[in-house]
Structure formats: C-alpha cells, structure tokens
Number of protein chains: 2
Amino acid sequence: MAKPVVISLDAMGGDVGPSVVVGGVRDYYRRHGGRGVRFLLHGDEAAIRDEMNRFNVSDADVDIRHTDKVVAMDEKPAQAMRRGKGSSLWNAIEAVKSGEAAAVVSAGNTGALMAISKLILRMSAPGLERPAIVASWPTMKGGITAVLDVGANVESDAGQLVEFAIMGEAFVSAVHGVVSPTVGLLNVGSEDMKGHDEVRQAAALLRNSALGLNYYGFVEGDDITKGTVDVIVTDGFTGNIALKTAEGVARFIMQLMRDALTSGPLARTGAMLAMGGLKEMKSKVDPNAINGGPLLGLNGIVVKSHGGADAKGFGAAIRIAAELGRSDYLEKVGRQLDQLTDVLEAPPVTADAGAVEA
Amino acid sequence: MAKPVVISLDAMGGDVGPSVVVGGVRDYYRRHGGRGVRFLLHGDEAAIRDEMNRFNVSDADVDIRHTDKVVAMDEKPAQAMRRGKGSSLWNAIEAVKSGEAAAVVSAGNTGALMAISKLILRMSAPGLERPAIVASWPTMKGGITAVLDVGANVESDAGQLVEFAIMGEAFVSAVHGVVSPTVGLLNVGSEDMKGHDEVRQAAALLRNSALGLNYYGFVEGDDITKGTVDVIVTDGFTGNIALKTAEGVARFIMQLMRDALTSGPLARTGAMLAMGGLKEMKSKVDPNAINGGPLLGLNGIVVKSHGGADAKGFGAAIRIAAELGRSDYLEKVGRQLDQLTDVLEAPPVTADAGAVEA
C-alpha cells in the first residue's frame with residue numbers, strides 16, 4: 001500500500017477550535033475512510049486529547065504536537081508575523097516547509113495565515129504578491145465552478161490573471177478530477193473588444209497554445225452559477241465583490257423563502273409537507289459542503305477553512321488538502337509557470353514584422 | 001394646476017414593441033393616475049393606435065409622432081448612430097433635446113440608446129466617457145439600494161467615482177424621496193487601507209464636506225442586499241459583474257426552490273398550501289417591479305427599460321422618468337458637479353504644508 005499522505009492541522013484555529021478540527025478528522029475518515037491519510041495536530045494537547053476521546057479518533061492516525069501559543073482571530077497580520085512563531089498556526093505551516101506534511105489546513109485568522117504562509121513557504125508564482133484564494137461555487141449543472149482570485153490581490157495585470165488560470169486549472173483537475181478543465185475570463189461581455197486592457201491582454205496570452213490550457217473565452221457574472229466553464233479567472237477585487245454579493249443575494253432569498261413559508265398556518269403546513277424537498281435544496285447551497293479555499297501560488301499546499309465552518313465543513317477542507325497533497329499539483333503548476341515565463345519573455349510578433357516577412 | 005410633465009417614448013423599442021409601451025402607459029395611469037403626465041409616442045402610427053384602442057388610452061393624453069424607421073435590437077451602436085436618424089429611438093431622444101419632453105424612455109437596443117443619447121444630448125459630467133447606468137436592488141430592509149455604474153464605464157478613476165456618487169445621490173432623492181441619502185463606496189473591506197488607489201482616492205474626495213454628500217464609507221458586496229446605504233458607487237466593470245452574478249444566483253436559487261416544491265406529490269400539495277406566501281415572495285424579487293435604469297451624466301433624462309420587461313415593468317420605468325422629469329435633478333447635479341470641479345482643482349493640502357503652518 002502507498003505511504004499515507006500526512007496533513008498538518010492548526011487545531012486551535014477557527015471560531016470554535018479543537019472540537020471542529022478533531023470532528024473534521026472523524027468526518028473525513030467516515031466519508032473517505034479507505035484512502036491513507038494521517039494527521040499532525042498542532043495545539044493544546046489536553047484539549048485535543050479530550051476531543052479525540054469524544055470523537056473516537058485513534059492515536060494511530062494522529063500525532064499531536066503540543067503548543068500553548070495561539071494566534072488570535074483578530075490579530076493583525078503584521079503582528080501575527082512578529083509574534084506568531086511557535087503558535088499552532090505557525091507550526092502547522094512549518095510542517096509543510098520541512099516536508100513532514102504534504103499540506104496544511106487552518107480555520108484561523110485569514111490575514112495571518114496568508115502572511116505567515118508567504119513568509120515560511122514563499123511564493124512560487126513570480127507575478128503574485130500574495131496567494132490567490134479559490135472559491136468553489138455550486139452550479140445549475142450540478143457541479144462546481146472554481147473562481148479565483150476572490151480576495152487577496154486587488155490589482156492584477158494580465159500575467160497575474162494567467163497565473164490564476166494555470167493554478168485554477170490544476171486545482172480543479174487535481175481536486176475535482178475534471179479532465180482538461182475549461183477556463184473563462186470574467187468580463188462585462190463576451191465580444192473580443194469588451195473590458196479593460198488587462199483582461200484583453202490576458203485573453204491574448206491564454207489563447208497561446210504553449211500554455212496548454214483549454215481556454216473558453218470571456219464569461220459574464222451569471223456564467224458562474226450557470227456552470228459555463230470549470231474555472232473562472234478574475235482579479236481579487238472583482239472576485240471578492242462578486243463572491244460577497246452572491247452570498248448576500250443567497251441569504252436574502254433564503255430569508256424571503258423562510259418568511260413566505262412561515263407567513264401563516266396554511267403556509268406552515270405546506271412547508272411541513274414539502275420538507276423533504278426543501279431539505280435537499282438547503283443541502284445544495286450549504287456552505288459547509290463547499291468549504292475549503294486553497295491559497296494558491298505558494299511553494300506548498302495551504303487550505304483555509306471558514307472560521308465558522310462545522311466539523312463537516314472542516315472535513316471538506318481536509319479532503320481538498322488531501323487531494324492536492326497526493327496529486328502532482330505543485331509540479332504541474334511549476335512546469336506551466338515556467339512555460340508562462342517563456343511566453344511572456346518571447347519577443348512579440350507584431351503585425352508589421354509579419355507584413356515584412358510575407 | 002401645474003403644467004403636465006411630458007414624457008417621450010420610443011414606442012417601437014424592446015422585444016415586443018407598441019403593446020408593452022402603450023400597456024405601460026395604461027399601467028402608469030392606473031397606478032399614479034392623479035399626477036399630470038402626458039406622452040409623446042414615436043413609431044408606427046397604425047400600430048400605436050391599435051394598442052391605444054385595445055388598452056383604452058385616450059388621445060387627450062398622447063401625441064403620436066409617426067415614423068417608419070426603427071433601430072433593430074441587434075444593430076451595432078456605430079451603425080445605429082450613422083443610420084438611426086429619423087428612427088423612433090432617435091426622435092424620442094430629440095424631443096428631450098428640443099425641450100418638448102422632460103424625459104425619454106426606451107426599451108430598445110442599449111448600445112444604440114447610449115450612443116445616440118450621448119450624440120444628441122451630450123455628457124454633462126466632464127469625467128465620463130459614457131452615461132452611467134443605475135440598478136435599483138431590493139434589500140432585506142424592504143427598500144432599495146441604487147448601484148452605479150453597472151455597465152457603461154469599464155475603467156473609472158477617483159473623479160468619475162465621485163461623479164457617480166453625486167448622480168446616484170440625486171437620483172435616489174428625486175425618485176425614491178430619500179432625504180439626504182447615504183453613499184457607500186464598494187470595496188473588499190471596510191478599513192481605510194483596503195482596496196486599490198482609485199477607491200481610496202475617491203474616499204478622500206467623498207469625505208470633503210464641500211460636496212455636501214452624506215458619505216458612509218466603504219461597503220462590501222453583501223451590503224448591497226443588506227441595504228446598509230442608499231447609494232453604492234463602483235466602477236462599471238465591477239458593478240456589471242456584481243449585477244449579473246446576483247441575477248445568476250437569484251435564478252439558481254429560485255430554480256432549486258421550484259425543483260424542491262415539485263419534487264413529489266407531498267411537496268406539490270405543500271406548495272399549493274403555501275401559495276399565498278410564495279407569491280408575495282416572488283413579487284419581492286420581480287424584476288419588473290424594479291425595472292427602469294436611468295442613464296446618468298447626460299444633459300437630459302434618459303431611462304432604459306429592460307428589453308424583455310412587460311407592461312407593468314415599462315410602467316415602472318415611466319414612473320422613474322416622470323419623477324426625475326418633474327424634479328430639479330439636472331440642476332442639482334449640475335451644481336454639485338461644479339463643486340466637484342472646484343474640489344479637484346483646489347491645490348492639495350499636503351501633510352508637509354500642514355506641518356509648516358502648525
């Protein structure tokens with residue numbers, strides 16, 4: 001049997017801490033039991049042990065690395081970088097750097113996770129200042145669309161957008177098993193002349209066959225939920241706003257639905273009769289089911305779990321880390337980023353030069 | 001009694017044409033009958049007359065201006081500008097330029113409406129290349145949030161963002177009767193240092209009390225549906241993507257709900273019992289109820305009705321045109337844009353200068 005993949009967990013991160021993290025380990029084993037994964041749990045040993053007993057998680061699957069130190073959820077990234085050494089967050093990332101673990105998952109402070117990951121692991125994508133965050137959206141086709149960047153890089157030039165495309169494509173292929181995923185560029189229309197310079201230049205680069213991407217073309221905001229393509233690339237400003245707008249709209253409509261179905265005794269009886277279907281609907285838009293946003297562009301695999309996720313949600317984030325950890329994701333992205341460097345450095349073929357040759 | 005406001009209508013625009021436009025006139029009178037509004041209808045006289053008979057709209061309220069010529073829904077803006085003279089769209093806008101009408105409504109080709117409006121009326125906001133489009137979103141508080149620009153200006157510097165703020169504020173105050181509307185700037189976080197240069201510079205300008213705006217600060221994507229502020233300002237690229245993303249999410253969830261409520265005989269019975277509440281819910285997210293997107297920044301009032309809107313939707317767009325037409329919207333915006341020019345041209349107060357004075 002193949003050597004197990006080791007996943008490093010920040011056991012103290014998130015709004016709740018060890019109970020969600022250890023509960024997530026149990027949930028992961030229950031759903032994906034057969035496949036060999038072991039865990040390193042960083043944090044308070046006594047608290048972790050209590051939860052292991054409660055959730056019936058075996059010592060055979062888990063190594064505990066004790067530390068008293070914790071990065072607070074509201075600590076500023078700069079402060080966390082200065083004072084975070086030896087914390088559960090820091091040590092969990094260090095285990096990836098040292099090669100002990102193939103990936104790390106934390107539900108802790110996003111800014112601190114990003115800053116310390118960058119400090120310890122360093123960026124692998126030359127154009128990025130900060131890791132890109134991927135969001136996985138459920139679609140009307142029943143699958144998911146991966147959207148990146150959703151928050152880290154507020155200004156992105158054409159080269160960075162292509163880096164997102166490379167990383168997003170490799171992510172979808174490694175985690176969701178999609179063969180040759182299609183990649184779209186988010187824009188305000190589908191015609192070639194639409195949008196600002198950065199997206200039009202990125203489109204020209206993405207069409208370059210040397211990158212080996214299955215480029216679809218421009219897509220619009222409603223293509224995210226339509227599931228038109230597997231990967232949607234955008235700058236971190238637009239991506240973050242699209243994601244939060246979508247969350248707001250979803251919350252609003254679910255609220256309207258709750259109001260409608262509790263508006264009187266008849267409606268309440270109706271809702272009870274329709275309960276089965278409504279529960280299934282809720283599971284399709286359950287944020288816990290699609291939890292786990294990898295920070296891409298680092299020399300190592302780091303997955304952010306939502307601070308408010310439950311054990312099932314943390315288990316979903318573990319799955320993403322495990323799939324990335326056992327795949328050739330990092331090597332594949334490395335090769336494609338080298339290709340991109342060649343493409344960006346190649347002398348441009350101008351229309352004039354072509355005319356002279358012809 | 002005050003002189004009636006005259007609204008100019010492109011009777012041939014939209015996916016359906018005269019029946020929706022004349023139906024919209026009837027719908028407007030039915031809802032807002034008492035207030036004095038007259039109409040100029042531009043298009044095929046026979047077709048308009050048929051619909052007036054069908055909808056029982058009186059000659060006393062409508063002047064018909066016959067033309068055979070129509071701008072097609074798929075005509076390119078440049079082509080429409082060259083060949084559109086004398087069309088129902090062109091003539092409807094001309095009536096605003098000549099002063100015959102206080103505002104124009106068209107459900108026709110958006111690109112052509114924008115290009116011909118700009119050609120005939122000219123821009124009043126010096127920083128804008130094209131009119132800004134406002135979208136009115138229903139919110140969880142029960143009111144609306146006006147979001148602009150949602151599509152026309154893909155790159156917006158700080159001065160343009162402030163122009164959007166001025167126009168959006170005057171729009172909400174004229175059409176929705178909000179006293180001293182609050183204005184927020186769409187960003188990826190609420191802290192001062194968040195976002196790119198343009199939004200941070202715009203924030204500094206908006207805080208300037210000489211503009212007389214009720215500036216709230218940065219808001220995020222989910223504040224749109226929360227109703228945190230009355231007006232949300234963003235560049236046309238981000239605004240368009242946020243709007244289309246929201247439409248996609250709303251469609252997806254409504255589809256899931258339909259599936260859930262028709263998933264079996266029990267669910268169908270339940271849905272029938274809850275019908276009253278569900279209908280009320282549907283009316284709250286009905287795009288026809290919030291139809292009518294003004295093109296702001298022109299020397300004249302132009303309102304775009306959605307091409308697929310029904311008579312009720314066209315009536316809602318007429319209401320927006322009528323409210324803007326009878327208000328001091330244009331004068332107010334003109335005064336505030338003059339203030340903005342003064343603010344932008346004032347010598348910057350640098351920290352150094354301050355230090356020397358102190």
# chains A, B, ... in the order shown; residues from 1 in each chain; ligands from 1

call {"tool": "residues_around", "arguments": {"residues": "Lys97 (chain B)", "least_positions_apart": "4", "cutoff": "8 Å", "atoms": "only C-alpha atoms", "output": "list in words"}}
result
Ile93, Ile120, Leu121 and Gly300 of chain B

call {"tool": "closest_atom_pairs", "arguments": {"of": "chain B", "to": "chain A", "cutoff": "8 Å", "atoms": "only C-alpha atoms", "output": "Markdown table"}}
result
| residue | atom | partner | partner_atom | distance |
| --- | --- | --- | --- | --- |
| B:Thr139 | CA | A:Phe252 | CA | 7.7 |
| B:Met140 | CA | A:Phe252 | CA | 6.2 |
| B:Gly151 | CA | A:Val188 | CA | 7.2 |
| B:Val154 | CA | A:Gly195 | CA | 6.2 |
| B:Glu155 | CA | A:His196 | CA | 6.8 |
| B:Leu186 | CA | A:Ile241 | CA | 7.9 |
| B:Asn187 | CA | A:Ile241 | CA | 7.2 |
| B:Val188 | CA | A:Asn240 | CA | 6.2 |
| B:Gly195 | CA | A:Val154 | CA | 6.2 |
| B:His196 | CA | A:Val154 | CA | 6.3 |
| B:Glu220 | CA | A:Ile241 | CA | 6.6 |
| B:Gly221 | CA | A:Thr245 | CA | 4.1 |
| B:Asp222 | CA | A:Gly248 | CA | 4.3 |
| B:Asp223 | CA | A:Gly248 | CA | 7.3 |
| B:Ile224 | CA | A:Thr245 | CA | 7.0 |
| B:Thr225 | CA | A:Gly248 | CA | 5.8 |
| B:Lys226 | CA | A:Gly248 | CA | 7.2 |
| B:Phe237 | CA | A:Val188 | CA | 6.3 |
| B:Thr238 | CA | A:Thr238 | CA | 5.6 |
| B:Asn240 | CA | A:Val188 | CA | 6.3 |
| B:Ile241 | CA | A:Gly221 | CA | 4.8 |
| B:Ala242 | CA | A:Ala242 | CA | 5.1 |
| B:Leu243 | CA | A:Gly221 | CA | 7.4 |
| B:Lys244 | CA | A:Gly221 | CA | 4.6 |
| B:Thr245 | CA | A:Gly221 | CA | 4.1 |
| B:Ala246 | CA | A:Ala246 | CA | 5.5 |
| B:Glu247 | CA | A:Asp222 | CA | 6.5 |
| B:Gly248 | CA | A:Asp222 | CA | 4.3 |
| B:Val249 | CA | A:Thr225 | CA | 6.2 |
| B:Ala250 | CA | A:Val249 | CA | 6.7 |
| B:Phe252 | CA | A:Met140 | CA | 6.2 |
| B:Ile253 | CA | A:Ala250 | CA | 7.3 |
| B:Leu256 | CA | A:Met281 | CA | 6.0 |
| B:Met257 | CA | A:Met281 | CA | 6.8 |
| B:Asp259 | CA | A:Gly277 | CA | 7.7 |
| B:Ala260 | CA | A:Gly277 | CA | 4.2 |
| B:Leu261 | CA | A:Ala274 | CA | 6.2 |
| B:Ser263 | CA | A:Gly277 | CA | 6.1 |
| B:Leu266 | CA | A:Leu273 | CA | 5.6 |
| B:Ala267 | CA | A:Ala274 | CA | 3.8 |
| B:Arg268 | CA | A:Ala274 | CA | 7.2 |
| B:Thr269 | CA | A:Gly270 | CA | 6.9 |
| B:Gly270 | CA | A:Gly270 | CA | 3.4 |
| B:Ala271 | CA | A:Gly270 | CA | 5.8 |
| B:Met272 | CA | A:Gly270 | CA | 7.1 |
| B:Leu273 | CA | A:Gly270 | CA | 4.9 |
| B:Ala274 | CA | A:Ala267 | CA | 3.8 |
| B:Met275 | CA | A:Ala267 | CA | 7.3 |
| B:Gly276 | CA | A:Ala267 | CA | 7.6 |
| B:Gly277 | CA | A:Ala260 | CA | 4.2 |
| B:Leu278 | CA | A:Ala260 | CA | 5.4 |
| B:Glu280 | CA | A:Ala260 | CA | 7.3 |
| B:Met281 | CA | A:Leu256 | CA | 6.0 |

call {"tool": "write_last_selection", "arguments": {"atoms": "N, CA and C atoms", "output": "compact mmCIF listing (two decimals), in the first residue's frame"}}
result
# COMPACT_ATOMS: atom_id res chain seq x y z
N THR B 139 -33.79 45.33 -1.03
CA THR B 139 -32.92 44.98 0.10
C THR B 139 -33.70 44.27 1.20
N MET B 140 -32.96 43.69 2.14
CA MET B 140 -33.58 42.98 3.26
C MET B 140 -34.33 43.93 4.18
N GLY B 151 -22.34 49.17 -15.83
CA GLY B 151 -22.02 48.60 -17.11
C GLY B 151 -21.41 49.48 -18.18
N VAL B 154 -15.96 51.02 -18.08
CA VAL B 154 -15.23 49.88 -17.51
C VAL B 154 -14.03 50.30 -16.68
N GLU B 155 -13.50 51.47 -16.90
CA GLU B 155 -12.43 51.95 -16.01
C GLU B 155 -12.85 53.31 -15.47
N LEU B 186 -18.03 50.80 -2.93
CA LEU B 186 -17.86 49.34 -2.92
C LEU B 186 -16.38 48.99 -2.88
N ASN B 187 -16.00 48.12 -1.91
CA ASN B 187 -14.60 47.77 -1.73
C ASN B 187 -14.50 46.35 -1.18
N VAL B 188 -13.28 45.86 -0.97
CA VAL B 188 -13.09 44.50 -0.48
C VAL B 188 -12.97 44.43 1.04
N GLY B 195 -8.28 48.05 -0.61
CA GLY B 195 -8.64 48.38 -1.98
C GLY B 195 -7.53 49.01 -2.78
N HIS B 196 -7.83 49.36 -4.02
CA HIS B 196 -6.82 49.94 -4.90
C HIS B 196 -6.85 51.46 -4.83
N GLU B 220 -19.13 46.44 1.46
CA GLU B 220 -18.74 45.23 0.75
C GLU B 220 -19.92 44.66 -0.05
N GLY B 221 -19.63 43.62 -0.83
CA GLY B 221 -20.65 43.06 -1.73
C GLY B 221 -21.96 42.72 -1.07
N ASP B 222 -21.91 42.17 0.15
CA ASP B 222 -23.17 41.76 0.78
C ASP B 222 -23.94 42.94 1.38
N ASP B 223 -23.32 44.12 1.41
CA ASP B 223 -24.07 45.30 1.86
C ASP B 223 -25.12 45.74 0.85
N ILE B 224 -25.00 45.30 -0.41
CA ILE B 224 -25.99 45.67 -1.43
C ILE B 224 -27.36 45.17 -1.00
N THR B 225 -27.49 43.87 -0.71
CA THR B 225 -28.79 43.33 -0.30
C THR B 225 -29.13 43.63 1.16
N LYS B 226 -28.11 43.89 1.98
CA LYS B 226 -28.40 44.27 3.37
C LYS B 226 -29.09 45.62 3.45
N PHE B 237 -17.11 48.11 -14.49
CA PHE B 237 -16.68 46.71 -14.65
C PHE B 237 -17.17 45.89 -13.46
N THR B 238 -16.80 46.33 -12.26
CA THR B 238 -17.19 45.63 -11.04
C THR B 238 -18.71 45.62 -10.88
N ASN B 240 -21.10 45.85 -13.16
CA ASN B 240 -21.76 44.96 -14.11
C ASN B 240 -21.62 43.51 -13.68
N ILE B 241 -20.42 43.14 -13.23
CA ILE B 241 -20.19 41.75 -12.82
C ILE B 241 -20.97 41.42 -11.54
N ALA B 242 -21.02 42.36 -10.60
CA ALA B 242 -21.82 42.13 -9.38
C ALA B 242 -23.29 41.93 -9.73
N LEU B 243 -23.82 42.78 -10.62
CA LEU B 243 -25.23 42.69 -11.00
C LEU B 243 -25.54 41.36 -11.67
N LYS B 244 -24.71 40.97 -12.64
CA LYS B 244 -25.00 39.72 -13.37
C LYS B 244 -24.78 38.50 -12.47
N THR B 245 -23.80 38.57 -11.57
CA THR B 245 -23.59 37.48 -10.62
C THR B 245 -24.84 37.33 -9.74
N ALA B 246 -25.34 38.45 -9.26
CA ALA B 246 -26.54 38.43 -8.40
C ALA B 246 -27.72 37.85 -9.16
N GLU B 247 -27.92 38.26 -10.41
CA GLU B 247 -29.03 37.72 -11.21
C GLU B 247 -28.90 36.21 -11.35
N GLY B 248 -27.65 35.76 -11.58
CA GLY B 248 -27.41 34.32 -11.73
C GLY B 248 -27.73 33.55 -10.46
N VAL B 249 -27.31 34.09 -9.32
CA VAL B 249 -27.55 33.42 -8.05
C VAL B 249 -29.05 33.37 -7.75
N ALA B 250 -29.74 34.49 -8.01
CA ALA B 250 -31.18 34.54 -7.76
C ALA B 250 -31.90 33.51 -8.63
N PHE B 252 -30.68 30.77 -9.89
CA PHE B 252 -30.29 29.43 -9.42
C PHE B 252 -31.12 29.02 -8.21
N ILE B 253 -31.22 29.91 -7.24
CA ILE B 253 -31.94 29.53 -6.01
C ILE B 253 -33.44 29.39 -6.27
N LEU B 256 -33.83 26.03 -7.75
CA LEU B 256 -33.75 24.99 -6.72
C LEU B 256 -35.06 24.91 -5.93
N MET B 257 -35.64 26.09 -5.67
CA MET B 257 -36.89 26.13 -4.90
C MET B 257 -38.02 25.48 -5.70
N ASP B 259 -37.70 23.24 -8.01
CA ASP B 259 -37.44 21.79 -8.01
C ASP B 259 -37.89 21.17 -6.70
N ALA B 260 -37.56 21.85 -5.59
CA ALA B 260 -37.89 21.30 -4.27
C ALA B 260 -39.41 21.20 -4.09
N LEU B 261 -40.13 22.19 -4.61
CA LEU B 261 -41.58 22.24 -4.37
C LEU B 261 -42.38 21.45 -5.41
N SER B 263 -41.04 18.24 -6.21
CA SER B 263 -40.25 17.00 -6.21
C SER B 263 -41.11 15.77 -5.93
N LEU B 266 -46.34 15.11 -2.27
CA LEU B 266 -46.42 15.75 -0.97
C LEU B 266 -45.93 17.19 -1.08
N ALA B 267 -44.77 17.35 -1.73
CA ALA B 267 -44.19 18.68 -1.90
C ALA B 267 -45.14 19.58 -2.70
N ARG B 268 -45.77 19.02 -3.73
CA ARG B 268 -46.67 19.82 -4.56
C ARG B 268 -47.89 20.28 -3.76
N THR B 269 -48.40 19.40 -2.93
CA THR B 269 -49.53 19.79 -2.08
C THR B 269 -49.09 20.89 -1.12
N GLY B 270 -47.92 20.70 -0.53
CA GLY B 270 -47.38 21.71 0.39
C GLY B 270 -47.24 23.05 -0.30
N ALA B 271 -46.72 23.05 -1.53
CA ALA B 271 -46.52 24.29 -2.27
C ALA B 271 -47.85 24.98 -2.52
N MET B 272 -48.90 24.17 -2.79
CA MET B 272 -50.22 24.77 -3.02
C MET B 272 -50.73 25.47 -1.77
N LEU B 273 -50.52 24.83 -0.63
CA LEU B 273 -50.97 25.43 0.63
C LEU B 273 -50.19 26.72 0.92
N ALA B 274 -48.91 26.74 0.57
CA ALA B 274 -48.07 27.90 0.89
C ALA B 274 -48.11 28.96 -0.22
N MET B 275 -48.97 28.73 -1.22
CA MET B 275 -49.02 29.59 -2.41
C MET B 275 -49.02 31.09 -2.13
N GLY B 276 -49.87 31.52 -1.18
CA GLY B 276 -50.00 32.94 -0.89
C GLY B 276 -48.67 33.57 -0.53
N GLY B 277 -47.98 32.96 0.42
CA GLY B 277 -46.67 33.46 0.85
C GLY B 277 -45.65 33.42 -0.27
N LEU B 278 -45.68 32.34 -1.06
CA LEU B 278 -44.70 32.20 -2.14
C LEU B 278 -44.91 33.26 -3.21
N GLU B 280 -46.15 36.24 -2.74
CA GLU B 280 -45.68 37.51 -2.18
C GLU B 280 -44.16 37.58 -2.28
N MET B 281 -43.51 36.43 -2.02
CA MET B 281 -42.05 36.37 -2.11
C MET B 281 -41.61 36.68 -3.54

call {"tool": "select_by_dssp", "arguments": {"residues": "region 74-195 of chain B", "states": "strand (DSSP E or B)", "output": "list of chain:residue names"}}
result
B:Ala103, B:Val104, B:Val105, B:Ser106, B:Met123, B:Ala132, B:Ile133, B:Val134, B:Ala135, B:Ser136, B:Trp137, B:Pro138, B:Ile144, B:Thr145, B:Ala146, B:Val147, B:Leu148, B:Thr182, B:Val183, B:Gly184, B:Leu185, B:Leu186

call {"tool": "write_last_selection", "arguments": {"atoms": "C-alpha atoms", "output": "mmCIF file, in the first residue's frame"}}
result
data_model
loop_
_atom_site.group_PDB
_atom_site.id
_atom_site.type_symbol
_atom_site.label_atom_id
_atom_site.label_comp_id
_atom_site.auth_asym_id
_atom_site.auth_seq_id
_atom_site.Cartn_x
_atom_site.Cartn_y
_atom_site.Cartn_z
ATOM 1 C CA ALA B 103 -37.519 62.775 -20.250
ATOM 2 C CA VAL B 104 -37.388 59.809 -22.619
ATOM 3 C CA VAL B 105 -37.964 56.086 -22.029
ATOM 4 C CA SER B 106 -36.847 53.342 -24.425
ATOM 5 C CA MET B 123 -22.453 64.484 -21.496
ATOM 6 C CA ALA B 132 -23.553 55.602 -16.144
ATOM 7 C CA ILE B 133 -26.329 53.061 -15.618
ATOM 8 C CA VAL B 134 -28.069 52.723 -12.256
ATOM 9 C CA ALA B 135 -29.545 49.464 -10.989
ATOM 10 C CA SER B 136 -32.095 49.527 -8.148
ATOM 11 C CA TRP B 137 -31.808 46.437 -5.913
ATOM 12 C CA PRO B 138 -34.416 45.341 -3.388
ATOM 13 C CA ILE B 144 -33.916 49.720 -2.439
ATOM 14 C CA THR B 145 -30.194 50.328 -2.892
ATOM 15 C CA ALA B 146 -29.130 52.170 -6.050
ATOM 16 C CA VAL B 147 -25.907 50.740 -7.501
ATOM 17 C CA LEU B 148 -23.943 52.550 -10.193
ATOM 18 C CA THR B 182 -26.215 57.732 2.466
ATOM 19 C CA VAL B 183 -23.492 56.895 -0.051
ATOM 20 C CA GLY B 184 -21.058 53.954 0.204
ATOM 21 C CA LEU B 185 -18.051 53.017 -1.932
ATOM 22 C CA LEU B 186 -17.861 49.341 -2.924
#

call {"tool": "closest_residue", "arguments": {"among": "B:Ala92, B:Ile64, B:His306, B:Ser19", "to": "Glu51 (chain B)", "atoms": "only C-alpha atoms"}}
result
B:Ser19

call {"tool": "select_by_dssp", "arguments": {"residues": "region 116-164 of chain A", "states": "helix (DSSP H, G or I)", "output": "compact mmCIF listing (two decimals) with N, CA and C atoms, in the first residue's frame"}}
result
# COMPACT_ATOMS: atom_id res chain seq x y z
N ILE A 116 1.85 34.49 7.14
CA ILE A 116 2.84 33.53 7.68
C ILE A 116 3.15 32.44 6.64
N SER A 117 2.13 32.03 5.86
CA SER A 117 2.37 31.06 4.77
C SER A 117 3.38 31.62 3.78
N LYS A 118 3.20 32.90 3.46
CA LYS A 118 4.07 33.53 2.47
C LYS A 118 5.49 33.63 3.03
N LEU A 119 5.58 33.97 4.31
CA LEU A 119 6.88 34.11 4.96
C LEU A 119 7.62 32.78 5.01
N ILE A 120 6.90 31.73 5.40
CA ILE A 120 7.56 30.42 5.59
C ILE A 120 7.75 29.69 4.26
N LEU A 121 6.72 29.69 3.43
CA LEU A 121 6.77 28.85 2.21
C LEU A 121 7.28 29.60 0.99
N ALA A 158 -2.19 41.36 -16.62
CA ALA A 158 -2.51 40.22 -17.49
C ALA A 158 -1.72 38.97 -17.09
N GLY A 159 -0.44 39.14 -16.76
CA GLY A 159 0.39 37.99 -16.38
C GLY A 159 -0.15 37.30 -15.13
N GLN A 160 -0.58 38.09 -14.15
CA GLN A 160 -1.15 37.51 -12.93
C GLN A 160 -2.45 36.77 -13.22
N LEU A 161 -3.28 37.34 -14.10
CA LEU A 161 -4.53 36.66 -14.45
C LEU A 161 -4.23 35.30 -15.07
N VAL A 162 -3.18 35.23 -15.89
CA VAL A 162 -2.81 33.94 -16.49
C VAL A 162 -2.27 32.99 -15.42
N GLU A 163 -1.54 33.52 -14.45
CA GLU A 163 -1.10 32.66 -13.33
C GLU A 163 -2.31 32.07 -12.59
N PHE A 164 -3.34 32.89 -12.38
CA PHE A 164 -4.57 32.38 -11.75
C PHE A 164 -5.16 31.24 -12.59
